[in-house]
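See below for query_6.pdb, which holds PDB, C-alpha atoms and all ligand atoms.
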```pdb
ATOM      1  CA  MET A   1     144.309  76.999 277.179
ATOM      2  CA  ARG A   2     146.265  79.074 274.697
ATOM      3  CA  LEU A   3     144.544  77.881 271.505
ATOM      4  CA  GLN A   4     141.024  77.206 272.760
ATOM      5  CA  ASP A   5     138.732  76.584 269.735
ATOM      6  CA  LYS A   6     141.246  77.940 267.234
ATOM      7  CA  VAL A   7     141.155  76.046 263.944
ATOM      8  CA  ALA A   8     144.578  75.055 262.632
ATOM      9  CA  ILE A   9     145.699  73.244 259.485
ATOM     10  CA  ILE A  10     149.075  71.542 259.868
ATOM     11  CA  THR A  11     150.855  70.042 256.852
ATOM     12  CA  GLY A  12     153.207  67.085 257.158
ATOM     13  CA  ALA A  13     151.431  66.292 260.440
ATOM     14  CA  GLY A  14     151.636  62.505 260.124
ATOM     15  CA  ARG A  15     154.936  62.333 261.961
ATOM     16  CA  GLY A  16     157.937  64.248 263.280
ATOM     17  CA  ILE A  17     157.622  67.951 264.074
ATOM     18  CA  GLY A  18     154.218  68.146 262.359
ATOM     19  CA  GLN A  19     152.760  65.377 264.520
ATOM     20  CA  ALA A  20     154.181  66.937 267.703
ATOM     21  CA  THR A  21     152.706  70.287 266.621
ATOM     22  CA  ALA A  22     149.275  68.783 265.978
ATOM     23  CA  VAL A  23     149.262  67.142 269.420
ATOM     24  CA  LYS A  24     150.485  70.328 271.146
ATOM     25  CA  PHE A  25     147.843  72.452 269.401
ATOM     26  CA  ALA A  26     145.128  69.968 270.391
ATOM     27  CA  THR A  27     146.417  69.914 273.980
ATOM     28  CA  GLU A  28     146.037  73.712 273.981
ATOM     29  CA  GLY A  29     142.386  73.320 272.911
ATOM     30  CA  ALA A  30     142.696  73.742 269.133
ATOM     31  CA  LYS A  31     140.706  71.997 266.418
ATOM     32  CA  VAL A  32     143.342  70.496 264.169
ATOM     33  CA  VAL A  33     143.298  69.452 260.524
ATOM     34  CA  VAL A  34     145.993  66.808 260.110
ATOM     35  CA  CYS A  35     147.329  67.010 256.544
ATOM     36  CA  ASP A  36     149.810  64.508 255.155
ATOM     37  CA  LEU A  37     150.327  62.035 252.334
ATOM     38  CA  ASN A  38     149.947  58.826 254.310
ATOM     39  CA  GLN A  39     146.490  57.835 255.588
ATOM     40  CA  GLY A  40     147.903  55.527 258.299
ATOM     41  CA  TRP A  41     150.090  58.227 259.844
ATOM     42  CA  ILE A  42     147.257  60.747 259.607
ATOM     43  CA  GLU A  43     144.974  58.394 261.553
ATOM     44  CA  GLU A  44     147.660  57.924 264.223
ATOM     45  CA  THR A  45     148.040  61.695 264.686
ATOM     46  CA  VAL A  46     144.260  62.241 264.738
ATOM     47  CA  LYS A  47     143.993  59.566 267.448
ATOM     48  CA  LEU A  48     146.711  61.253 269.542
ATOM     49  CA  CYS A  49     144.987  64.639 269.131
ATOM     50  CA  LYS A  50     141.625  63.242 270.179
ATOM     51  CA  GLU A  51     143.184  61.893 273.382
ATOM     52  CA  THR A  52     143.825  65.530 274.419
ATOM     53  CA  ARG A  53     141.414  68.408 275.068
ATOM     54  CA  GLY A  54     141.215  69.309 271.365
ATOM     55  CA  ASP A  55     139.562  67.855 268.299
ATOM     56  CA  ALA A  56     140.966  66.750 264.945
ATOM     57  CA  PHE A  57     140.223  65.343 261.548
ATOM     58  CA  GLY A  58     142.557  64.058 258.887
ATOM     59  CA  HIS A  59     142.857  65.008 255.241
ATOM     60  CA  VAL A  60     145.145  63.366 252.707
ATOM     61  CA  ALA A  61     146.592  66.229 250.683
ATOM     62  CA  ASP A  62     149.792  66.739 248.750
ATOM     63  CA  VAL A  63     151.213  70.246 249.130
ATOM     64  CA  ARG A  64     152.167  70.067 245.429
ATOM     65  CA  ASP A  65     148.519  69.745 244.435
ATOM     66  CA  ILE A  66     146.612  73.013 244.832
ATOM     67  CA  SER A  67     143.223  71.413 244.154
ATOM     68  CA  SER A  68     143.679  68.871 246.989
ATOM     69  CA  LEU A  69     144.597  71.801 249.280
ATOM     70  CA  GLU A  70     141.544  73.800 248.201
ATOM     71  CA  ARG A  71     139.370  70.773 248.989
ATOM     72  CA  MET A  72     141.003  70.540 252.436
ATOM     73  CA  VAL A  73     140.345  74.214 253.197
ATOM     74  CA  ALA A  74     136.736  73.879 251.965
ATOM     75  CA  ALA A  75     136.239  70.808 254.200
ATOM     76  CA  THR A  76     137.715  72.705 257.168
ATOM     77  CA  VAL A  77     135.455  75.721 256.667
ATOM     78  CA  ALA A  78     132.436  73.431 256.152
ATOM     79  CA  LYS A  79     133.172  71.637 259.453
ATOM     80  CA  TRP A  80     134.508  74.400 261.707
ATOM     81  CA  GLY A  81     133.649  77.646 259.876
ATOM     82  CA  ARG A  82     137.102  79.242 259.774
ATOM     83  CA  VAL A  83     140.887  78.791 259.591
ATOM     84  CA  ASP A  84     142.802  80.599 262.334
ATOM     85  CA  CYS A  85     146.223  79.131 261.682
ATOM     86  CA  LEU A  86     148.154  77.393 258.931
ATOM     87  CA  VAL A  87     151.397  75.623 259.808
ATOM     88  CA  ASN A  88     153.418  75.029 256.637
ATOM     89  CA  ASN A  89     155.502  72.179 257.971
ATOM     90  CA  ALA A  90     155.682  69.480 255.249
ATOM     91  CA  GLY A  91     159.190  69.096 253.895
ATOM     92  CA  ILE A  92     161.715  66.694 252.426
ATOM     93  CA  VAL A  93     165.452  66.477 251.817
ATOM     94  CA  ALA A  94     167.303  65.176 248.749
ATOM     95  CA  ASP A  95     170.931  65.946 249.537
ATOM     96  CA  ALA A  96     173.940  65.944 247.223
ATOM     97  CA  GLN A  97     176.895  68.195 246.626
ATOM     98  CA  LEU A  98     176.301  70.657 243.799
ATOM     99  CA  LYS A  99     178.441  68.734 241.333
ATOM    100  CA  ASN A 100     176.319  65.599 241.868
ATOM    101  CA  MET A 101     172.877  67.136 242.441
ATOM    102  CA  THR A 102     170.417  66.174 239.722
ATOM    103  CA  GLU A 103     167.759  68.464 238.313
ATOM    104  CA  ASP A 104     165.187  66.076 239.739
ATOM    105  CA  GLN A 105     166.680  66.398 243.265
ATOM    106  CA  PHE A 106     166.638  70.178 242.941
ATOM    107  CA  ASP A 107     163.108  70.372 241.555
ATOM    108  CA  SER A 108     161.563  67.904 244.018
ATOM    109  CA  VAL A 109     162.761  69.856 247.063
ATOM    110  CA  ILE A 110     161.743  73.222 245.598
ATOM    111  CA  GLU A 111     158.353  71.794 244.604
ATOM    112  CA  ILE A 112     157.508  70.631 248.164
ATOM    113  CA  ASN A 113     159.539  72.875 250.501
ATOM    114  CA  LEU A 114     159.041  76.166 248.640
ATOM    115  CA  LYS A 115     156.157  75.939 246.174
ATOM    116  CA  GLY A 116     154.199  73.740 248.611
ATOM    117  CA  VAL A 117     154.341  76.594 251.139
ATOM    118  CA  PHE A 118     153.090  79.021 248.478
ATOM    119  CA  ASN A 119     150.306  76.590 247.452
ATOM    120  CA  CYS A 120     149.018  76.039 251.000
ATOM    121  CA  THR A 121     149.113  79.715 251.860
ATOM    122  CA  LYS A 122     147.282  80.603 248.620
ATOM    123  CA  ALA A 123     144.659  78.011 249.520
ATOM    124  CA  VAL A 124     143.901  79.601 252.943
ATOM    125  CA  VAL A 125     144.572  83.287 252.398
ATOM    126  CA  ASN A 126     141.130  84.281 251.085
ATOM    127  CA  THR A 127     139.484  82.638 254.097
ATOM    128  CA  MET A 128     141.808  84.540 256.449
ATOM    129  CA  LEU A 129     141.264  87.802 254.543
ATOM    130  CA  ALA A 130     137.492  87.392 254.832
ATOM    131  CA  GLN A 131     137.911  86.806 258.600
ATOM    132  CA  GLN A 132     140.404  89.712 258.873
ATOM    133  CA  SER A 133     142.485  87.418 261.062
ATOM    134  CA  GLY A 134     144.890  84.517 260.835
ATOM    135  CA  VAL A 135     148.392  83.250 261.520
ATOM    136  CA  ILE A 136     150.660  81.697 258.885
ATOM    137  CA  LEU A 137     153.548  79.751 260.417
ATOM    138  CA  ASN A 138     156.320  78.247 258.344
ATOM    139  CA  ALA A 139     159.061  75.701 258.904
ATOM    140  CA  SER A 140     162.270  77.161 257.538
ATOM    141  CA  SER A 141     165.598  75.923 258.941
ATOM    142  CA  ILE A 142     168.942  77.171 260.179
ATOM    143  CA  VAL A 143     169.977  76.030 256.679
ATOM    144  CA  GLY A 144     167.735  78.873 255.475
ATOM    145  CA  LEU A 145     169.991  81.274 257.387
ATOM    146  CA  SER A 146     173.471  79.922 256.714
ATOM    147  CA  GLY A 147     173.289  77.355 253.888
ATOM    148  CA  ASN A 148     174.702  73.860 254.358
ATOM    149  CA  PHE A 149     177.098  71.470 252.695
ATOM    150  CA  GLY A 150     175.202  69.180 250.275
ATOM    151  CA  GLN A 151     171.935  71.131 250.493
ATOM    152  CA  THR A 152     171.799  73.594 247.570
ATOM    153  CA  ASN A 153     168.154  72.667 246.948
ATOM    154  CA  TYR A 154     167.079  72.679 250.609
ATOM    155  CA  ALA A 155     168.895  75.950 251.356
ATOM    156  CA  ALA A 156     167.304  77.632 248.322
ATOM    157  CA  ALA A 157     163.857  76.531 249.485
ATOM    158  CA  LYS A 158     164.336  77.470 253.136
ATOM    159  CA  PHE A 159     165.842  80.901 252.325
ATOM    160  CA  GLY A 160     162.871  81.333 249.968
ATOM    161  CA  VAL A 161     160.404  80.541 252.748
ATOM    162  CA  ILE A 162     161.887  83.367 254.827
ATOM    163  CA  GLY A 163     161.519  85.715 251.855
ATOM    164  CA  MET A 164     157.856  84.785 251.443
ATOM    165  CA  VAL A 165     157.221  85.180 255.189
ATOM    166  CA  LYS A 166     158.649  88.705 255.216
ATOM    167  CA  THR A 167     156.611  89.570 252.118
ATOM    168  CA  TRP A 168     153.380  88.198 253.626
ATOM    169  CA  ALA A 169     154.089  90.002 256.916
ATOM    170  CA  ARG A 170     154.131  93.262 254.916
ATOM    171  CA  GLU A 171     151.193  92.430 252.615
ATOM    172  CA  LEU A 172     148.855  90.955 255.203
ATOM    173  CA  GLY A 173     149.758  92.655 258.506
ATOM    174  CA  ARG A 174     147.134  95.391 258.113
ATOM    175  CA  LYS A 175     144.507  92.725 257.375
ATOM    176  CA  GLY A 176     144.980  91.127 260.797
ATOM    177  CA  ILE A 177     147.116  88.259 259.479
ATOM    178  CA  ARG A 178     150.567  87.519 260.931
ATOM    179  CA  ALA A 179     153.276  85.468 259.169
ATOM    180  CA  ASN A 180     156.354  84.071 260.879
ATOM    181  CA  ALA A 181     159.115  81.549 260.254
ATOM    182  CA  VAL A 182     160.666  79.038 262.628
ATOM    183  CA  CYS A 183     164.194  77.803 261.958
ATOM    184  CA  PRO A 184     164.845  74.488 263.678
ATOM    185  CA  GLY A 185     168.398  73.281 264.120
ATOM    186  CA  PHE A 186     168.918  69.511 264.229
ATOM    187  CA  ILE A 187     165.747  67.903 265.579
ATOM    188  CA  ALA A 188     165.500  64.148 266.194
ATOM    189  CA  THR A 189     163.046  63.013 263.483
ATOM    190  CA  THR A 190     163.203  60.641 260.527
ATOM    191  CA  ILE A 191     164.319  63.501 258.261
ATOM    192  CA  LEU A 192     167.777  63.018 259.857
ATOM    193  CA  SER A 193     167.751  59.285 259.107
ATOM    194  CA  THR A 194     170.085  59.607 256.109
ATOM    195  CA  ILE A 195     172.780  61.261 258.245
ATOM    196  CA  PRO A 196     175.324  58.709 259.500
ATOM    197  CA  ASP A 197     175.445  58.289 263.309
ATOM    198  CA  ARG A 198     178.991  59.523 263.600
ATOM    199  CA  VAL A 199     178.049  62.740 261.742
ATOM    200  CA  LEU A 200     175.037  63.196 264.018
ATOM    201  CA  ARG A 201     177.256  62.825 267.095
ATOM    202  CA  ALA A 202     179.613  65.449 265.655
ATOM    203  CA  LEU A 203     176.666  67.773 265.041
ATOM    204  CA  GLU A 204     175.503  67.325 268.623
ATOM    205  CA  GLU A 205     178.961  68.341 269.789
ATOM    206  CA  LYS A 206     178.577  71.639 267.910
ATOM    207  CA  VAL A 207     175.337  72.511 269.715
ATOM    208  CA  PRO A 208     176.033  74.592 272.839
ATOM    209  CA  MET A 209     173.344  72.545 274.609
ATOM    210  CA  GLY A 210     175.137  69.328 273.588
ATOM    211  CA  ARG A 211     172.145  67.494 272.168
ATOM    212  CA  LEU A 212     169.672  67.306 269.292
ATOM    213  CA  GLY A 213     166.341  69.072 269.667
ATOM    214  CA  ARG A 214     163.052  67.277 270.283
ATOM    215  CA  PRO A 215     160.045  67.707 267.955
ATOM    216  CA  GLU A 216     158.030  68.987 270.935
ATOM    217  CA  GLU A 217     160.465  71.875 271.367
ATOM    218  CA  VAL A 218     159.635  73.144 267.881
ATOM    219  CA  ALA A 219     155.927  72.386 268.408
ATOM    220  CA  ASN A 220     155.904  74.567 271.554
ATOM    221  CA  THR A 221     157.286  77.479 269.517
ATOM    222  CA  PHE A 222     154.638  77.067 266.810
ATOM    223  CA  ALA A 223     151.922  76.933 269.497
ATOM    224  CA  TRP A 224     153.113  80.135 271.129
ATOM    225  CA  LEU A 225     153.362  81.917 267.765
ATOM    226  CA  ALA A 226     149.816  80.786 266.908
ATOM    227  CA  SER A 227     148.463  82.114 270.198
ATOM    228  CA  ASP A 228     147.278  85.617 271.070
ATOM    229  CA  GLU A 229     150.331  85.909 273.344
ATOM    230  CA  ALA A 230     152.320  86.470 270.133
ATOM    231  CA  SER A 231     149.870  89.089 268.822
ATOM    232  CA  TYR A 232     152.614  91.585 267.854
ATOM    233  CA  ILE A 233     155.062  89.036 266.392
ATOM    234  CA  ASN A 234     154.985  89.429 262.608
ATOM    235  CA  GLY A 235     157.663  88.754 259.988
ATOM    236  CA  ALA A 236     159.878  87.185 262.644
ATOM    237  CA  VAL A 237     162.406  84.428 262.037
ATOM    238  CA  ILE A 238     162.822  82.439 265.232
ATOM    239  CA  GLU A 239     165.613  79.936 265.681
ATOM    240  CA  VAL A 240     165.000  76.765 267.719
ATOM    241  CA  SER A 241     168.444  75.247 267.594
ATOM    242  CA  GLY A 242     169.927  75.075 271.090
ATOM    243  CA  GLY A 243     172.205  77.954 270.069
ATOM    244  CA  LEU A 244     173.787  76.085 267.144
ATOM    245  CA  THR A 245     174.489  79.200 265.072
ATOM    246  CA  ILE A 246     176.035  81.448 267.739
TER     247      ILE A 246
HETATM  248  P1  LIG B   1     159.613  64.323 258.760
HETATM  249  O1  LIG B   1     159.671  63.593 260.050
HETATM  250  O2  LIG B   1     160.208  63.728 257.531
HETATM  251  O3  LIG B   1     158.091  64.731 258.488
HETATM  252  C1  LIG B   1     157.739  65.448 257.336
HETATM  253  C2  LIG B   1     156.328  65.068 256.973
HETATM  254  O4  LIG B   1     155.959  65.809 255.773
HETATM  255  C3  LIG B   1     156.204  63.581 256.620
HETATM  256  O5  LIG B   1     155.082  63.017 257.243
HETATM  257  C4  LIG B   1     156.060  63.624 255.115
HETATM  258  O6  LIG B   1     155.375  62.520 254.556
HETATM  259  C5  LIG B   1     155.291  64.907 254.908
HETATM  260  N1  LIG B   1     155.343  65.312 253.509
HETATM  261  C6  LIG B   1     156.386  65.192 252.659
HETATM  262  N2  LIG B   1     156.043  65.598 251.430
HETATM  263  C7  LIG B   1     154.752  66.005 251.513
HETATM  264  C8  LIG B   1     153.830  66.514 250.563
HETATM  265  N3  LIG B   1     154.171  66.675 249.278
HETATM  266  N4  LIG B   1     152.581  66.844 250.982
HETATM  267  C9  LIG B   1     152.210  66.655 252.278
HETATM  268  N5  LIG B   1     153.047  66.148 253.203
HETATM  269  C10 LIG B   1     154.303  65.823 252.839
HETATM  270  O7  LIG B   1     160.316  65.786 258.891
HETATM  271  P2  LIG B   1     160.495  66.745 260.173
HETATM  272  O8  LIG B   1     161.878  66.588 260.657
HETATM  273  O9  LIG B   1     159.357  66.595 261.093
HETATM  274  O10 LIG B   1     160.455  68.170 259.438
HETATM  275  C11 LIG B   1     159.309  68.995 259.440
HETATM  276  C12 LIG B   1     159.715  70.336 258.837
HETATM  277  O11 LIG B   1     160.772  70.923 259.617
HETATM  278  C13 LIG B   1     160.257  70.228 257.400
HETATM  279  O12 LIG B   1     159.833  71.346 256.650
HETATM  280  C14 LIG B   1     161.760  70.286 257.608
HETATM  281  O13 LIG B   1     162.434  70.762 256.478
HETATM  282  C15 LIG B   1     161.860  71.232 258.781
HETATM  283  N6  LIG B   1     163.103  71.088 259.534
HETATM  284  C16 LIG B   1     163.424  69.915 260.157
HETATM  285  C17 LIG B   1     164.630  69.820 260.838
HETATM  286  C18 LIG B   1     165.049  68.563 261.560
HETATM  287  O14 LIG B   1     166.200  68.500 261.987
HETATM  288  N7  LIG B   1     164.198  67.579 261.739
HETATM  289  C19 LIG B   1     165.506  70.909 260.863
HETATM  290  C20 LIG B   1     165.147  72.087 260.221
HETATM  291  C21 LIG B   1     163.937  72.164 259.549
HETATM  292  P3  LIG B   1     156.268  61.364 253.822
HETATM  293  O15 LIG B   1     157.116  60.781 254.862
HETATM  294  O16 LIG B   1     155.238  60.477 253.213
HETATM  295  O17 LIG B   1     157.117  62.059 252.775
END
```

Can you give me the file's structure in the form of structure tokens?
Ligand code: NAP
Amino acid sequence: MRLQDKVAIITGAGRGIGQATAVKFATEGAKVVVCDLNQGWIEETVKLCKETRGDAFGHVADVRDISSLERMVAATVAKWGRVDCLVNNAGIVADAQLKNMTEDQFDSVIEINLKGVFNCTKAVVNTMLAQQSGVILNASSIVGLSGNFGQTNYAAAKFGVIGMVKTWARELGRKGIRANAVCPGFIATTILSTIPDRVLRALEEKVPMGRLGRPEEVANTFAWLASDEASYINGAVIEVSGGLTI
């Protein structure tokens, strides 16, 4: 198993890509910390993880709240002694064209999708530095490569995530810590629920593979990047989009 006994914290793991990633990591033998806002979803993901070959526990933590993240890391180290991988996956959308976008819409997306990634990584980095090993994986987006209509806030955050990843790859590479970004295209999760069906169908048409992605297809990429098979992959930005941007 690729991730046998590796300890991984996954944010936004209550549903969508985060849940699929937690289950994939557990299937590959990892011990998973399921972080999200909603206790019910956390319990569901923990249950799914425990049905595999891995182990899991849940922790309610808000990526905006550094002290709740520090408590989560302390609980992880107390239980399993280390943190091998952090998957910064939690994210939201609050779309509007620039002329209509409120300051609150801008700030809320930056606070979770950008500063939340900084907060979580700050919370684990000293543990990884002490171990002289670790992998920091981050959900960016194809919107973090090309921008998108109605997503000034989201694009700013997802471009920013790529900037932080490249910085961490430089700062931490010699300390045995790798940092990488994954850029999903359009993946069938609730985050797409505000997009009208006819727009979704049009988006599918633009994908060379002719369909939306599945959460498991992003999860598989995170799992490979977390594994020792990706031991020389650092500072990379990997698209999982069915070829949407070509
Ligand atoms: P999702 O189904 O909406 O899941 C996101 C999870 O993050 C939810 O469980 C959510 O909880 C949680 N979350 C939100 N705010 C949080 C906070 N402050 N602290 C902790 N957890 C929080 O979204 P997804 O589609 O799986 O997306 C996962 C990641 O991939 C996001 O970063 C997203 O931007 C990125 N991505 C997705 C797509 C796509 O097409 N699906 C494409 C490109 C990139 P609540 O529901 O309670 O808010």

When you count all atoms listed in the file, which of these residues is closest to Ala22 of chain A: A:Lys122, A:Lys47, A:Lys99, A:Arg2?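 Under the stated criterion, the closest residue is A:Lys47.
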
Show me which residues are within 6 Å of ligand LIG 1 (chain B) counting all atoms listed in the file, and format the list as an MDAnalysis selection string. chainID A and resid 11:18 36:38 61:64 89:92 112 139:141 184:191

Take the residues just selected and output them with C-alpha atoms as a tab-separated table (two decimals), in the frame of the given file.
```
chain	number	residue	atom	x	y	z
A	11	THR	CA	150.85	70.04	256.85
A	12	GLY	CA	153.21	67.08	257.16
A	13	ALA	CA	151.43	66.29	260.44
A	14	GLY	CA	151.64	62.50	260.12
A	15	ARG	CA	154.94	62.33	261.96
A	16	GLY	CA	157.94	64.25	263.28
A	17	ILE	CA	157.62	67.95	264.07
A	18	GLY	CA	154.22	68.15	262.36
A	36	ASP	CA	149.81	64.51	255.16
A	37	LEU	CA	150.33	62.04	252.33
A	38	ASN	CA	149.95	58.83	254.31
A	61	ALA	CA	146.59	66.23	250.68
A	62	ASP	CA	149.79	66.74	248.75
A	63	VAL	CA	151.21	70.25	249.13
A	64	ARG	CA	152.17	70.07	245.43
A	89	ASN	CA	155.50	72.18	257.97
A	90	ALA	CA	155.68	69.48	255.25
A	91	GLY	CA	159.19	69.10	253.90
A	92	ILE	CA	161.72	66.69	252.43
A	112	ILE	CA	157.51	70.63	248.16
A	139	ALA	CA	159.06	75.70	258.90
A	140	SER	CA	162.27	77.16	257.54
A	141	SER	CA	165.60	75.92	258.94
A	184	PRO	CA	164.84	74.49	263.68
A	185	GLY	CA	168.40	73.28	264.12
A	186	PHE	CA	168.92	69.51	264.23
A	187	ILE	CA	165.75	67.90	265.58
A	188	ALA	CA	165.50	64.15	266.19
A	189	THR	CA	163.05	63.01	263.48
A	190	THR	CA	163.20	60.64	260.53
A	191	ILE	CA	164.32	63.50	258.26
```

Neighbours of Ile162 of chain A within 10 Å (all atoms listed in the file; same-chain residues fewer than 5 positions away dropped), as a ChimeraX atom specification? /A:114,138-141,144-145,157,167-168,179-183,235-237

With the file shown as input, list the residues that the PyMOL selection byres (((chain A and resi 150) around 10) and not hetatm) selects, as a list of chain:residue names.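 That expression, the PyMOL selection byres (((chain A and resi 150) around 10) and not hetatm), corresponds here to A:Ala94, A:Asp95, A:Ala96, A:Gln97, A:Leu98, A:Lys99, A:Asn100, A:Met101, A:Gly147, A:Asn148, A:Phe149, A:Gln151, A:Thr152, A:Asn153, A:Tyr154, A:Ala155.
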
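Across the model, the gap from atom CA of Glu217 of chain A to atom CA of Leu3 of chain A is 17.0 Å.
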
Using all atoms listed in the file, can you tell me which of A:Val32, A:Ala26, A:Val135, A:Val165 comes closest to Ser231 of chain A?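 Closest to Ser231 of chain A of all the choices is A:Val135.
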
Given the file shown, enumerate the residues that the PyMOL selection byres (((chain A and resi 228) around 12) and not hetatm) captures and present them as an MDAnalysis selection string. chainID A and resid 1:4 6 84:85 133:135 176:178 223:227 229:233
